[in-house]
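Asks: Pasting in a structure now, in C-alpha cells, and then I'll have a few things to ask.
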Amino acid sequence: MDKLLLENSLALVDLPDDGLTIRFYEILFERYPAVRPMFQRDTKIQAEMLHTAIVSVLDNLDDPQWLTANLGSLGRRHADLGVTAPMYDAVGECMIAAMAEIGGGGWTAEMSAAWTEALSAVSSLMMAGYPEEEVDSGAA
Ligand code: HEM
C-alpha cells in the first residue's frame, strides 16, 4: 500500500470541518437512498467520526495488529447495524467520488486506484470481524 500517496492525496481533499466526509454522505444518500434510514445520528457527527476513523487508519497503516483488532471490532458493530458487503462497495465508490470532485484537476487516476485498494482492504478487515453464521453456534 502506497502510504505516501494516500497521505498526500488525502491532504489535497481534506477540507476543514470534515468537509470531505460531509460531501461523502451527501453523495452516498443521493446515489443509495436505501441506506439513509440506517443512519440515526446527526450527519455532522457521523462525518466527524468517519473522518477520525480514516485518519486513524492512515496513521496505523504500518501496524497490522492495530488494523486487525480495531477494524475487526468496528466491523463487529457494523454487523449489528445490518451492513452488508455490497454496501461497502457503495461506500468505497462514493468516497472516491467525493475525493475526485473536491480534488478537481489535481486528483489523478493513480490516487483513485490507491484509495480503491485501501478502502477494499479496510472493508475486508471489517468484515473479518463479523460473527460466524448462526449455524455454527446454534446447537450448543
Ligand atoms: C470504510 C468503511 C467504514 C468505516 C471506516 C466506517 C466507520 C464508522 C464509524 C467510525 C462509526 C461510528 C460508530 C462506531 O465506531 O461503531 C460508524 C457508524 C456507522 N456506520 Fe460505518 N463505516 C464504514 C462502512 C460503513 C458502511 C458500508 C455502512 C452502510 C451503508 C455503514 C453504516 C454505518 C452506520 C449505520 C453507523 C451508525 C450510525 C448511527 O448510529 O446513526 N458504515 N461507521
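Each chain in the C-alpha cells gets a letter, A, B and so on, in the order shown; residues start at 1 in every chain, and ligands are counted from 1 in the order they appear.
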Using 8 Å as the limit and counting only C-alpha atoms and all ligand atoms, can you tabulate each residue of chain A that touches ligand 1, with its shortest atom-to-atom distance in Å and the two atoms involved, as CSV?
Replies:
```
residue,atom,partner,partner_atom_place_in_ligand_line,distance
A:Val35,CA,ligand 1,30 (C),5.5
A:Arg36,CA,ligand 1,30 (C),7.9
A:Met38,CA,ligand 1,35 (C),4.5
A:Phe39,CA,ligand 1,41 (O),3.8
A:Gln40,CA,ligand 1,41 (O),3.5
A:Arg41,CA,ligand 1,41 (O),3.7
A:Asp42,CA,ligand 1,41 (O),7.1
A:Gln46,CA,ligand 1,38 (C),6.7
A:Met49,CA,ligand 1,10 (C),4.9
A:Leu50,CA,ligand 1,10 (C),4.8
A:His51,CA,ligand 1,10 (C),7.9
A:Thr52,CA,ligand 1,10 (C),7.1
A:Ala53,CA,ligand 1,10 (C),5.1
A:Ile54,CA,ligand 1,5 (C),6.1
A:Leu71,CA,ligand 1,5 (C),7.7
A:Leu74,CA,ligand 1,16 (O),5.5
A:Gly75,CA,ligand 1,23 (C),7.9
A:Arg77,CA,ligand 1,16 (O),5.4
A:His78,CA,ligand 1,20 (N),6.2
A:Leu81,CA,ligand 1,35 (C),5.9
A:Gly82,CA,ligand 1,29 (C),7.8
A:Val83,CA,ligand 1,29 (C),4.9
A:Thr84,CA,ligand 1,27 (C),7.0
A:Ala85,CA,ligand 1,27 (C),7.3
A:Pro86,CA,ligand 1,27 (C),7.7
A:Met87,CA,ligand 1,27 (C),4.4
A:Tyr88,CA,ligand 1,27 (C),3.7
A:Asp89,CA,ligand 1,27 (C),7.0
A:Ala90,CA,ligand 1,27 (C),6.8
A:Val91,CA,ligand 1,27 (C),5.2
A:Gly92,CA,ligand 1,1 (C),6.7
A:Leu119,CA,ligand 1,1 (C),5.7
A:Ser120,CA,ligand 1,1 (C),7.8
A:Val122,CA,ligand 1,1 (C),5.8
A:Ser123,CA,ligand 1,2 (C),5.5
A:Met126,CA,ligand 1,2 (C),7.4
```
Asks: For the residues selected in the previous step, produce a file with C-alpha atoms as a PDB file, in the first residue's frame.
Replies:
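Heads up, here's the output in result_16.pdb:
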```
ATOM      1  CA  VAL A  35     -29.157   3.194   3.250  1.00  0.00           C
ATOM      2  CA  ARG A  36     -30.288   6.636   4.505  1.00  0.00           C
ATOM      3  CA  MET A  38     -29.795   3.239   8.782  1.00  0.00           C
ATOM      4  CA  PHE A  39     -28.156   6.463   9.970  1.00  0.00           C
ATOM      5  CA  GLN A  40     -29.823   7.808  13.113  1.00  0.00           C
ATOM      6  CA  ARG A  41     -27.162  10.253  14.181  1.00  0.00           C
ATOM      7  CA  ASP A  42     -26.745  13.838  13.003  1.00  0.00           C
ATOM      8  CA  GLN A  46     -21.277  10.926  11.701  1.00  0.00           C
ATOM      9  CA  MET A  49     -16.432  10.051  13.319  1.00  0.00           C
ATOM     10  CA  LEU A  50     -15.752   8.779   9.807  1.00  0.00           C
ATOM     11  CA  HIS A  51     -13.079  11.415   9.269  1.00  0.00           C
ATOM     12  CA  THR A  52     -11.387  10.408  12.537  1.00  0.00           C
ATOM     13  CA  ALA A  53     -11.551   6.727  11.507  1.00  0.00           C
ATOM     14  CA  ILE A  54      -9.892   7.431   8.132  1.00  0.00           C
ATOM     15  CA  LEU A  71     -11.193  -2.687  12.166  1.00  0.00           C
ATOM     16  CA  LEU A  74     -15.596  -1.742  14.099  1.00  0.00           C
ATOM     17  CA  GLY A  75     -16.813  -4.426  11.688  1.00  0.00           C
ATOM     18  CA  ARG A  77     -20.535  -3.225  15.305  1.00  0.00           C
ATOM     19  CA  HIS A  78     -21.388  -2.833  11.603  1.00  0.00           C
ATOM     20  CA  LEU A  81     -26.162  -2.470  12.197  1.00  0.00           C
ATOM     21  CA  GLY A  82     -27.007  -4.769   9.278  1.00  0.00           C
ATOM     22  CA  VAL A  83     -24.257  -3.504   6.964  1.00  0.00           C
ATOM     23  CA  THR A  84     -23.763  -5.914   4.009  1.00  0.00           C
ATOM     24  CA  ALA A  85     -20.861  -6.477   1.583  1.00  0.00           C
ATOM     25  CA  PRO A  86     -22.464  -4.533  -1.330  1.00  0.00           C
ATOM     26  CA  MET A  87     -22.861  -1.541   0.995  1.00  0.00           C
ATOM     27  CA  TYR A  88     -19.078  -1.465   1.472  1.00  0.00           C
ATOM     28  CA  ASP A  89     -18.679  -1.247  -2.321  1.00  0.00           C
ATOM     29  CA  ALA A  90     -21.174   1.640  -2.394  1.00  0.00           C
ATOM     30  CA  VAL A  91     -19.284   3.442   0.377  1.00  0.00           C
ATOM     31  CA  GLY A  92     -15.952   2.989  -1.441  1.00  0.00           C
ATOM     32  CA  LEU A 119     -10.863   1.017   1.124  1.00  0.00           C
ATOM     33  CA  SER A 120     -11.233  -2.529  -0.109  1.00  0.00           C
ATOM     34  CA  VAL A 122     -10.388  -1.780   5.204  1.00  0.00           C
ATOM     35  CA  SER A 123     -13.714  -3.372   4.202  1.00  0.00           C
ATOM     36  CA  MET A 126     -14.054  -5.009   8.963  1.00  0.00           C
TER      37      MET A 126
END
```
Asks: Might you pull out every residue within 9 Å of Glu48 in chain A, with only C-alpha atoms counted and same-chain residues fewer than 5 positions away left off, and present them as JSON, numbers by chain?
Replies: {"A": [17, 18, 21, 22, 43, 53]}
Asks: Of the residues A:Ile102, A:Leu6, A:Ile45, A:Leu67, which is the one nearest to Thr116 in chain A, using only C-alpha atoms?
Replies: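 Once distances to Thr116 in chain A are computed over only C-alpha atoms, the minimum belongs to A:Leu6.
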Asks: Quick one: distance from CA of Pro37 in chain A to CA of Val55 in chain A in Å, one decimal?
Replies: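 Rounded to one decimal, the two atoms are 26.0 Å apart.
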Asks: Tell me, which residues of chain A carry DSSP alpha helix (DSSP H), written as a ChimeraX atom specification?
Replies: /A:3-13,19-31,43-59,64-81,85-103,109-127,134-137
Asks: Taking only C-alpha atoms into account, name the residue in A:Leu61, A:Ala69, A:Cys94, A:Ala11 that is nearest to Leu125 in chain A.
Replies: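 Between A:Leu61, A:Ala69, A:Cys94, A:Ala11, the residue approaching Leu125 in chain A most closely is A:Ala69.
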Asks: Which is closest to Leu4 in chain A among A:Leu28, A:Leu20, A:Ala114, A:Ile96, if we use only C-alpha atoms?
Replies: A:Ala114
Asks: Using only C-alpha atoms, which residue out of A:Ala47, A:Met111, A:Gly72, A:Gly103 lies closest to Gly19 in chain A?
Replies: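 Between A:Ala47, A:Met111, A:Gly72, A:Gly103, the residue approaching Gly19 in chain A most closely is A:Ala47.
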Asks: Just give me the gap between CA of Phe24 in chain A and CA of Ser112 in chain A in Å, one decimal is fine.
Replies: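 For CA of Phe24 in chain A relative to CA of Ser112 in chain A, the distance reads 14.6 Å.
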Asks: What does the structure give for the distance between CA of Gln65 in chain A and CA of Asp2 in chain A, in Å to one decimal?
Replies: 18.5 Å
